[in-house]
>>> print(open('model07.csv').read())   # CSV, N, CA and C atoms
chain,number,residue,atom,x,y,z
A,1,ARG,N,30.2,75.9,66.5
A,1,ARG,CA,29.7,74.6,67.0
A,1,ARG,C,28.2,74.7,67.3
A,2,TYR,N,27.5,73.7,67.1
A,2,TYR,CA,26.1,73.6,67.3
A,2,TYR,C,25.3,74.7,66.6
A,3,GLY,N,25.8,75.2,65.5
A,3,GLY,CA,25.1,76.2,64.7
A,3,GLY,C,25.1,77.6,65.3
A,4,ILE,N,25.9,77.8,66.4
A,4,ILE,CA,25.9,79.1,67.1
A,4,ILE,C,26.9,80.0,66.4
A,5,ARG,N,26.5,81.2,65.9
A,5,ARG,CA,27.5,82.1,65.4
A,5,ARG,C,27.7,83.2,66.5
A,6,GLY,N,29.0,83.3,66.9
A,6,GLY,CA,29.3,84.2,68.0
A,6,GLY,C,30.0,83.4,69.1
A,7,VAL,N,30.2,84.1,70.2
A,7,VAL,CA,30.8,83.5,71.4
A,7,VAL,C,29.8,83.5,72.6
A,8,VAL,N,29.6,82.3,73.1
A,8,VAL,CA,28.7,82.2,74.2
A,8,VAL,C,29.3,82.7,75.5
A,9,VAL,N,28.6,83.6,76.2
A,9,VAL,CA,29.0,84.0,77.5
A,9,VAL,C,28.7,82.9,78.5
A,10,LEU,N,29.8,82.3,79.0
A,10,LEU,CA,29.6,81.2,80.0
A,10,LEU,C,29.2,81.7,81.3
A,11,ALA,N,29.8,82.7,81.8
A,11,ALA,CA,29.5,83.2,83.2
A,11,ALA,C,29.9,84.7,83.2
A,12,VAL,N,29.3,85.4,84.1
A,12,VAL,CA,29.5,86.8,84.3
A,12,VAL,C,29.9,87.0,85.8
A,13,GLN,N,31.0,87.6,86.1
A,13,GLN,CA,31.4,87.8,87.5
A,13,GLN,C,30.6,88.9,88.1
A,14,PRO,N,30.0,88.6,89.3
A,14,PRO,CA,29.2,89.6,90.0
A,14,PRO,C,30.0,90.9,90.3
A,15,GLY,N,29.5,92.0,90.0
A,15,GLY,CA,30.2,93.3,90.3
A,15,GLY,C,31.1,93.7,89.2
A,16,SER,N,31.3,92.9,88.2
A,16,SER,CA,32.2,93.3,87.1
A,16,SER,C,31.4,94.3,86.1
A,17,PRO,N,32.2,94.9,85.3
A,17,PRO,CA,31.6,95.8,84.3
A,17,PRO,C,30.6,95.0,83.4
A,18,ALA,N,30.9,93.8,83.1
A,18,ALA,CA,29.9,93.0,82.3
A,18,ALA,C,28.6,92.8,83.0
A,19,ALA,N,28.7,92.5,84.3
A,19,ALA,CA,27.5,92.3,85.1
A,19,ALA,C,26.7,93.6,85.2
A,20,GLU,N,27.4,94.7,85.4
A,20,GLU,CA,26.8,96.0,85.5
A,20,GLU,C,26.1,96.4,84.2
A,21,SER,N,26.6,96.0,83.1
A,21,SER,CA,26.0,96.3,81.8
A,21,SER,C,24.8,95.4,81.5
A,22,GLY,N,24.7,94.3,82.3
A,22,GLY,CA,23.5,93.4,82.1
A,22,GLY,C,23.8,92.2,81.2
A,23,LEU,N,25.1,91.9,81.0
A,23,LEU,CA,25.4,90.7,80.2
A,23,LEU,C,25.0,89.5,81.1
A,24,ARG,N,24.6,88.4,80.4
A,24,ARG,CA,24.1,87.2,81.1
A,24,ARG,C,24.9,86.0,80.6
A,25,GLY,N,25.3,85.1,81.5
A,25,GLY,CA,25.9,83.9,81.2
A,25,GLY,C,24.9,82.7,81.2
A,26,ILE,N,25.4,81.5,81.0
A,26,ILE,CA,24.6,80.3,81.1
A,26,ILE,C,24.0,80.2,82.5
A,27,THR,N,22.8,79.8,82.6
A,27,THR,CA,22.2,79.6,84.0
A,27,THR,C,21.6,78.2,84.0
A,28,GLN,N,21.5,77.7,85.3
A,28,GLN,CA,20.8,76.4,85.5
A,28,GLN,C,19.4,76.7,85.8
A,29,THR,N,18.5,75.9,85.2
A,29,THR,CA,17.0,76.0,85.4
A,29,THR,C,16.5,74.6,85.8
A,30,ASP,N,15.2,74.6,86.1
A,30,ASP,CA,14.7,73.3,86.4
A,30,ASP,C,14.7,72.3,85.2
A,31,GLU,N,14.7,72.9,84.0
A,31,GLU,CA,14.7,72.1,82.8
A,31,GLU,C,16.1,71.7,82.3
A,32,GLY,N,17.1,72.3,82.9
A,32,GLY,CA,18.5,72.1,82.5
A,32,GLY,C,19.3,73.4,82.4
A,33,LEU,N,20.2,73.5,81.4
A,33,LEU,CA,20.9,74.7,81.2
A,33,LEU,C,20.2,75.7,80.3
A,34,ALA,N,20.2,77.0,80.6
A,34,ALA,CA,19.7,78.0,79.7
A,34,ALA,C,20.8,78.9,79.1
A,35,LEU,N,20.8,79.0,77.8
A,35,LEU,CA,21.8,79.8,77.1
A,35,LEU,C,21.6,81.3,77.5
A,36,GLY,N,22.6,82.0,77.8
A,36,GLY,CA,22.6,83.4,78.1
A,36,GLY,C,22.8,84.2,76.8
A,37,ASP,N,23.7,85.1,76.9
A,37,ASP,CA,24.0,86.0,75.8
A,37,ASP,C,25.1,85.3,74.9
A,38,VAL,N,25.0,85.7,73.6
A,38,VAL,CA,26.0,85.3,72.6
A,38,VAL,C,26.6,86.5,72.0
A,39,ILE,N,27.9,86.8,72.2
A,39,ILE,CA,28.5,88.0,71.6
A,39,ILE,C,28.6,87.8,70.1
A,40,VAL,N,28.1,88.8,69.4
A,40,VAL,CA,28.1,88.7,67.9
A,40,VAL,C,28.9,89.9,67.3
A,41,ALA,N,29.3,90.9,68.1
A,41,ALA,CA,30.1,92.0,67.7
A,41,ALA,C,30.7,92.8,68.9
A,42,VAL,N,31.9,93.3,68.6
A,42,VAL,CA,32.5,94.3,69.6
A,42,VAL,C,32.8,95.5,68.8
A,43,GLY,N,32.1,96.6,69.1
A,43,GLY,CA,32.3,97.8,68.2
A,43,GLY,C,31.8,97.5,66.8
A,44,ASP,N,32.6,97.8,65.9
A,44,ASP,CA,32.3,97.5,64.5
A,44,ASP,C,32.8,96.1,64.0
A,45,ALA,N,33.5,95.4,64.9
A,45,ALA,CA,34.0,94.1,64.5
A,45,ALA,C,33.0,93.0,64.7
A,46,LYS,N,32.7,92.2,63.7
A,46,LYS,CA,31.8,91.1,63.8
A,46,LYS,C,32.6,90.0,64.6
A,47,VAL,N,31.8,89.2,65.4
A,47,VAL,CA,32.4,88.1,66.2
A,47,VAL,C,31.6,86.8,65.8
A,48,GLN,N,32.3,85.9,65.2
A,48,GLN,CA,31.7,84.6,64.9
A,48,GLN,C,32.3,83.5,65.7
A,49,ASP,N,33.5,83.7,66.2
A,49,ASP,CA,34.2,82.7,67.0
A,49,ASP,C,35.1,83.4,68.0
A,50,TYR,N,35.8,82.5,68.8
A,50,TYR,CA,36.7,83.1,69.9
A,50,TYR,C,37.8,83.9,69.3
A,51,ASP,N,38.4,83.5,68.1
A,51,ASP,CA,39.5,84.2,67.5
A,51,ASP,C,39.0,85.6,67.2
A,52,ASP,N,37.8,85.8,66.6
A,52,ASP,CA,37.3,87.1,66.3
A,52,ASP,C,37.1,87.9,67.6
A,53,LEU,N,36.6,87.3,68.7
A,53,LEU,CA,36.5,88.1,69.9
A,53,LEU,C,37.8,88.5,70.4
A,54,TYR,N,38.8,87.6,70.4
A,54,TYR,CA,40.1,88.0,70.9
A,54,TYR,C,40.7,89.1,70.1
A,55,ASN,N,40.6,89.1,68.8
A,55,ASN,CA,41.1,90.1,67.9
A,55,ASN,C,40.4,91.4,68.1
A,56,ALA,N,39.1,91.4,68.3
A,56,ALA,CA,38.3,92.6,68.5
A,56,ALA,C,38.7,93.3,69.9
A,57,LEU,N,38.9,92.5,70.9
A,57,LEU,CA,39.3,93.0,72.2
A,57,LEU,C,40.8,93.4,72.2
A,58,ASP,N,41.6,92.8,71.4
A,58,ASP,CA,43.0,93.2,71.4
A,58,ASP,C,43.2,94.6,70.9
A,59,ALA,N,42.2,95.1,70.2
A,59,ALA,CA,42.3,96.5,69.7
A,59,ALA,C,42.1,97.5,70.8
A,60,HIS,N,41.7,97.1,72.0
A,60,HIS,CA,41.3,98.0,73.1
A,60,HIS,C,42.3,97.8,74.2
A,61,HIS,N,42.2,98.7,75.2
A,61,HIS,CA,43.0,98.6,76.4
A,61,HIS,C,42.1,98.6,77.6
A,62,ALA,N,42.7,98.1,78.7
A,62,ALA,CA,41.9,98.1,80.0
A,62,ALA,C,41.4,99.5,80.3
A,63,GLY,N,40.1,99.6,80.6
A,63,GLY,CA,39.5,100.9,80.9
A,63,GLY,C,38.7,101.4,79.7
A,64,ASP,N,39.0,100.9,78.5
A,64,ASP,CA,38.2,101.4,77.4
A,64,ASP,C,36.8,101.0,77.5
A,65,ASP,N,35.9,101.9,77.1
A,65,ASP,CA,34.5,101.6,76.9
A,65,ASP,C,34.3,101.0,75.6
A,66,VAL,N,33.5,99.9,75.5
A,66,VAL,CA,33.2,99.2,74.2
A,66,VAL,C,31.7,98.9,74.1
A,67,GLN,N,31.2,98.9,72.9
A,67,GLN,CA,29.9,98.5,72.6
A,67,GLN,C,29.9,97.0,72.3
A,68,VAL,N,29.2,96.2,73.0
A,68,VAL,CA,29.2,94.7,72.8
A,68,VAL,C,27.7,94.4,72.3
A,69,LYS,N,27.7,93.9,71.1
A,69,LYS,CA,26.4,93.4,70.5
A,69,LYS,C,26.2,92.0,70.9
A,70,VAL,N,25.0,91.7,71.5
A,70,VAL,CA,24.8,90.3,71.9
A,70,VAL,C,23.4,89.8,71.4
A,71,ARG,N,23.3,88.5,71.1
A,71,ARG,CA,22.0,87.9,70.8
A,71,ARG,C,21.6,87.2,72.1
A,72,ARG,N,20.3,87.5,72.5
A,72,ARG,CA,19.7,86.9,73.6
A,72,ARG,C,18.4,86.3,73.1
A,73,GLY,N,18.3,85.0,73.0
A,73,GLY,CA,17.1,84.4,72.4
A,73,GLY,C,17.0,84.9,70.9
A,74,ASP,N,15.9,85.4,70.5
A,74,ASP,CA,15.8,85.9,69.2
A,74,ASP,C,16.0,87.4,69.0
A,75,LYS,N,16.5,88.0,70.0
A,75,LYS,CA,16.7,89.5,69.9
A,75,LYS,C,18.2,89.8,70.0
A,76,VAL,N,18.6,90.9,69.3
A,76,VAL,CA,19.9,91.4,69.3
A,76,VAL,C,19.9,92.8,70.0
A,77,THR,N,20.8,93.0,71.0
A,77,THR,CA,20.9,94.2,71.7
A,77,THR,C,22.3,94.6,71.9
A,78,THR,N,22.6,95.9,72.2
A,78,THR,CA,23.9,96.4,72.4
A,78,THR,C,24.1,96.8,73.8
A,79,LYS,N,25.2,96.4,74.4
A,79,LYS,CA,25.5,96.7,75.8
A,79,LYS,C,26.8,97.5,75.9
A,80,LYS,N,26.9,98.5,76.6
A,80,LYS,CA,28.1,99.3,76.8
A,80,LYS,C,28.8,98.8,78.1
A,81,THR,N,30.1,98.4,77.9
A,81,THR,CA,30.8,97.9,79.1
A,81,THR,C,32.3,98.3,79.0
A,82,LYS,N,33.0,98.0,80.0
A,82,LYS,CA,34.5,98.4,80.0
A,82,LYS,C,35.3,97.2,79.8
A,83,VAL,N,36.4,97.3,79.2
A,83,VAL,CA,37.4,96.3,79.1
A,83,VAL,C,38.2,96.3,80.4
A,84,ILE,N,38.4,95.1,80.9
A,84,ILE,CA,39.2,94.9,82.1
A,84,ILE,C,40.2,93.8,81.9
A,85,VAL,N,41.2,93.8,82.7
A,85,VAL,CA,42.2,92.7,82.7
A,85,VAL,C,41.7,91.6,83.8
A,86,LEU,N,41.5,90.4,83.3
A,86,LEU,CA,41.1,89.4,84.2
A,86,LEU,C,42.3,88.9,85.0
A,87,GLN,N,42.1,88.7,86.3
A,87,GLN,CA,43.2,88.2,87.2
A,87,GLN,C,43.1,86.7,87.3
A,88,PRO,N,44.2,86.0,87.2
A,88,PRO,CA,44.1,84.5,87.3
A,88,PRO,C,43.7,84.1,88.7
A,89,GLU,N,42.9,83.0,88.7
A,89,GLU,CA,42.4,82.6,90.0
A,89,GLU,C,43.5,81.7,90.7
>>> encode(input="model07.csv", output="structure tokens")
Amino acid sequence: RYGIRGVVVLAVQPGSPAAESGLRGITQTDEGLALGDVIVAVGDAKVQDYDDLYNALDAHHAGDDVQVKVRRGDKVTTKKTKVIVLQPE
């Protein structure tokens, strides 16, 4: 959607492995919403949409370290983080 290839990080829970690795979600600014990170790969698996992300993460278990490649603005960087099981709210 909107020409974005990858999965937009909507929010990052404080204290989570994603937060500790430096991943950023969408933020509110004076001008409106600012796009955070867009996940474009997990390990060697390219991520173009949610299904790709789900399949890439499905190959891992809780506690596994993974390399997550993200696009932030016009730069691409890799963040090391841990896979966790999200608890329902």
>>> residues_around(input="model07.csv", residues="range 25-27 of chain A", least_positions_apart="5", cutoff="9 Å", atoms="only C-alpha atoms", output="PyMOL selection string")
chain A and resi 8-12+32-38
>>> atom_distance(input="model07.csv", atom1="CA of Glu20 in chain A", atom2="CA of Gly63 in chain A")
14.4 Å
>>> residues_around(input="model07.csv", residues="range 40-53 of chain A", least_positions_apart="4", cutoff="7 Å", atoms="all atoms listed in the file", output="list of chain:residue names")
A:Ile4, A:Arg5, A:Gly6, A:Val7, A:Leu57, A:Asp58, A:Val66, A:Gln67, A:Val68, A:Lys69, A:Val70, A:Arg71
>>> write_last_selection(input="model07.csv", atoms="N, CA and C atoms", output="PDB file, keeping the file's coordinate frame")
ATOM      1  N   ILE A   4      25.900  77.800  66.400  1.00  0.00           N
ATOM      2  CA  ILE A   4      25.900  79.100  67.100  1.00  0.00           C
ATOM      3  C   ILE A   4      26.900  80.000  66.400  1.00  0.00           C
ATOM      4  N   ARG A   5      26.500  81.200  65.900  1.00  0.00           N
ATOM      5  CA  ARG A   5      27.500  82.100  65.400  1.00  0.00           C
ATOM      6  C   ARG A   5      27.700  83.200  66.500  1.00  0.00           C
ATOM      7  N   GLY A   6      29.000  83.300  66.900  1.00  0.00           N
ATOM      8  CA  GLY A   6      29.300  84.200  68.000  1.00  0.00           C
ATOM      9  C   GLY A   6      30.000  83.400  69.100  1.00  0.00           C
ATOM     10  N   VAL A   7      30.200  84.100  70.200  1.00  0.00           N
ATOM     11  CA  VAL A   7      30.800  83.500  71.400  1.00  0.00           C
ATOM     12  C   VAL A   7      29.800  83.500  72.600  1.00  0.00           C
ATOM     13  N   LEU A  57      38.900  92.500  70.900  1.00  0.00           N
ATOM     14  CA  LEU A  57      39.300  93.000  72.200  1.00  0.00           C
ATOM     15  C   LEU A  57      40.800  93.400  72.200  1.00  0.00           C
ATOM     16  N   ASP A  58      41.600  92.800  71.400  1.00  0.00           N
ATOM     17  CA  ASP A  58      43.000  93.200  71.400  1.00  0.00           C
ATOM     18  C   ASP A  58      43.200  94.600  70.900  1.00  0.00           C
ATOM     19  N   VAL A  66      33.500  99.900  75.500  1.00  0.00           N
ATOM     20  CA  VAL A  66      33.200  99.200  74.200  1.00  0.00           C
ATOM     21  C   VAL A  66      31.700  98.900  74.100  1.00  0.00           C
ATOM     22  N   GLN A  67      31.200  98.900  72.900  1.00  0.00           N
ATOM     23  CA  GLN A  67      29.900  98.500  72.600  1.00  0.00           C
ATOM     24  C   GLN A  67      29.900  97.000  72.300  1.00  0.00           C
ATOM     25  N   VAL A  68      29.200  96.200  73.000  1.00  0.00           N
ATOM     26  CA  VAL A  68      29.200  94.700  72.800  1.00  0.00           C
ATOM     27  C   VAL A  68      27.700  94.400  72.300  1.00  0.00           C
ATOM     28  N   LYS A  69      27.700  93.900  71.100  1.00  0.00           N
ATOM     29  CA  LYS A  69      26.400  93.400  70.500  1.00  0.00           C
ATOM     30  C   LYS A  69      26.200  92.000  70.900  1.00  0.00           C
ATOM     31  N   VAL A  70      25.000  91.700  71.500  1.00  0.00           N
ATOM     32  CA  VAL A  70      24.800  90.300  71.900  1.00  0.00           C
ATOM     33  C   VAL A  70      23.400  89.800  71.400  1.00  0.00           C
ATOM     34  N   ARG A  71      23.300  88.500  71.100  1.00  0.00           N
ATOM     35  CA  ARG A  71      22.000  87.900  70.800  1.00  0.00           C
ATOM     36  C   ARG A  71      21.600  87.200  72.100  1.00  0.00           C
TER      37      ARG A  71
END
>>> select_by_dssp(input="model07.csv", residues="range 29-85 of chain A", states="helix (DSSP H, G or I)", output="number ranges by chain")
A: 50-58
>>> select_by_dssp(input="model07.csv", residues="chain A", states="strand (DSSP E or B)", output="PyMOL selection string")
chain A and resi 7-8+27-29+32-34+38-42+45-46+65-72+75-82
>>> write_last_selection(input="model07.csv", atoms="N, CA and C atoms", output="tab-separated table (two decimals), in the frame of the given file")
chain	number	residue	atom	x	y	z
A	7	VAL	N	30.20	84.10	70.20
A	7	VAL	CA	30.80	83.50	71.40
A	7	VAL	C	29.80	83.50	72.60
A	8	VAL	N	29.60	82.30	73.10
A	8	VAL	CA	28.70	82.20	74.20
A	8	VAL	C	29.30	82.70	75.50
A	27	THR	N	22.80	79.80	82.60
A	27	THR	CA	22.20	79.60	84.00
A	27	THR	C	21.60	78.20	84.00
A	28	GLN	N	21.50	77.70	85.30
A	28	GLN	CA	20.80	76.40	85.50
A	28	GLN	C	19.40	76.70	85.80
A	29	THR	N	18.50	75.90	85.20
A	29	THR	CA	17.00	76.00	85.40
A	29	THR	C	16.50	74.60	85.80
A	32	GLY	N	17.10	72.30	82.90
A	32	GLY	CA	18.50	72.10	82.50
A	32	GLY	C	19.30	73.40	82.40
A	33	LEU	N	20.20	73.50	81.40
A	33	LEU	CA	20.90	74.70	81.20
A	33	LEU	C	20.20	75.70	80.30
A	34	ALA	N	20.20	77.00	80.60
A	34	ALA	CA	19.70	78.00	79.70
A	34	ALA	C	20.80	78.90	79.10
A	38	VAL	N	25.00	85.70	73.60
A	38	VAL	CA	26.00	85.30	72.60
A	38	VAL	C	26.60	86.50	72.00
A	39	ILE	N	27.90	86.80	72.20
A	39	ILE	CA	28.50	88.00	71.60
A	39	ILE	C	28.60	87.80	70.10
A	40	VAL	N	28.10	88.80	69.40
A	40	VAL	CA	28.10	88.70	67.90
A	40	VAL	C	28.90	89.90	67.30
A	41	ALA	N	29.30	90.90	68.10
A	41	ALA	CA	30.10	92.00	67.70
A	41	ALA	C	30.70	92.80	68.90
A	42	VAL	N	31.90	93.30	68.60
A	42	VAL	CA	32.50	94.30	69.60
A	42	VAL	C	32.80	95.50	68.80
A	45	ALA	N	33.50	95.40	64.90
A	45	ALA	CA	34.00	94.10	64.50
A	45	ALA	C	33.00	93.00	64.70
A	46	LYS	N	32.70	92.20	63.70
A	46	LYS	CA	31.80	91.10	63.80
A	46	LYS	C	32.60	90.00	64.60
A	65	ASP	N	35.90	101.90	77.10
A	65	ASP	CA	34.50	101.60	76.90
A	65	ASP	C	34.30	101.00	75.60
A	66	VAL	N	33.50	99.90	75.50
A	66	VAL	CA	33.20	99.20	74.20
A	66	VAL	C	31.70	98.90	74.10
A	67	GLN	N	31.20	98.90	72.90
A	67	GLN	CA	29.90	98.50	72.60
A	67	GLN	C	29.90	97.00	72.30
A	68	VAL	N	29.20	96.20	73.00
A	68	VAL	CA	29.20	94.70	72.80
A	68	VAL	C	27.70	94.40	72.30
A	69	LYS	N	27.70	93.90	71.10
A	69	LYS	CA	26.40	93.40	70.50
A	69	LYS	C	26.20	92.00	70.90
A	70	VAL	N	25.00	91.70	71.50
A	70	VAL	CA	24.80	90.30	71.90
A	70	VAL	C	23.40	89.80	71.40
A	71	ARG	N	23.30	88.50	71.10
A	71	ARG	CA	22.00	87.90	70.80
A	71	ARG	C	21.60	87.20	72.10
A	72	ARG	N	20.30	87.50	72.50
A	72	ARG	CA	19.70	86.90	73.60
A	72	ARG	C	18.40	86.30	73.10
A	75	LYS	N	16.50	88.00	70.00
A	75	LYS	CA	16.70	89.50	69.90
A	75	LYS	C	18.20	89.80	70.00
A	76	VAL	N	18.60	90.90	69.30
A	76	VAL	CA	19.90	91.40	69.30
A	76	VAL	C	19.90	92.80	70.00
A	77	THR	N	20.80	93.00	71.00
A	77	THR	CA	20.90	94.20	71.70
A	77	THR	C	22.30	94.60	71.90
A	78	THR	N	22.60	95.90	72.20
A	78	THR	CA	23.90	96.40	72.40
A	78	THR	C	24.10	96.80	73.80
A	79	LYS	N	25.20	96.40	74.40
A	79	LYS	CA	25.50	96.70	75.80
A	79	LYS	C	26.80	97.50	75.90
A	80	LYS	N	26.90	98.50	76.60
A	80	LYS	CA	28.10	99.30	76.80
A	80	LYS	C	28.80	98.80	78.10
A	81	THR	N	30.10	98.40	77.90
A	81	THR	CA	30.80	97.90	79.10
A	81	THR	C	32.30	98.30	79.00
A	82	LYS	N	33.00	98.00	80.00
A	82	LYS	CA	34.50	98.40	80.00
A	82	LYS	C	35.30	97.20	79.80
>>> residues_near_point(input="model07.csv", point="(37.3, 95.1, 84.4)", cutoff="7 Å", atoms="only N, CA and C atoms", output="list in words")
Ser16, Pro17, Ala18, Gly63, Lys82, Val83, Ile84, Val85 and Leu86 of chain A
>>> atom_distance(input="model07.csv", atom1="atom C of Ile39 in chain A", atom2="atom N of Arg72 in chain A")
8.6 Å
>>> atom_distance(input="model07.csv", atom1="atom C of Gly22 in chain A", atom2="atom N of Gly3 in chain A")
23.2 Å
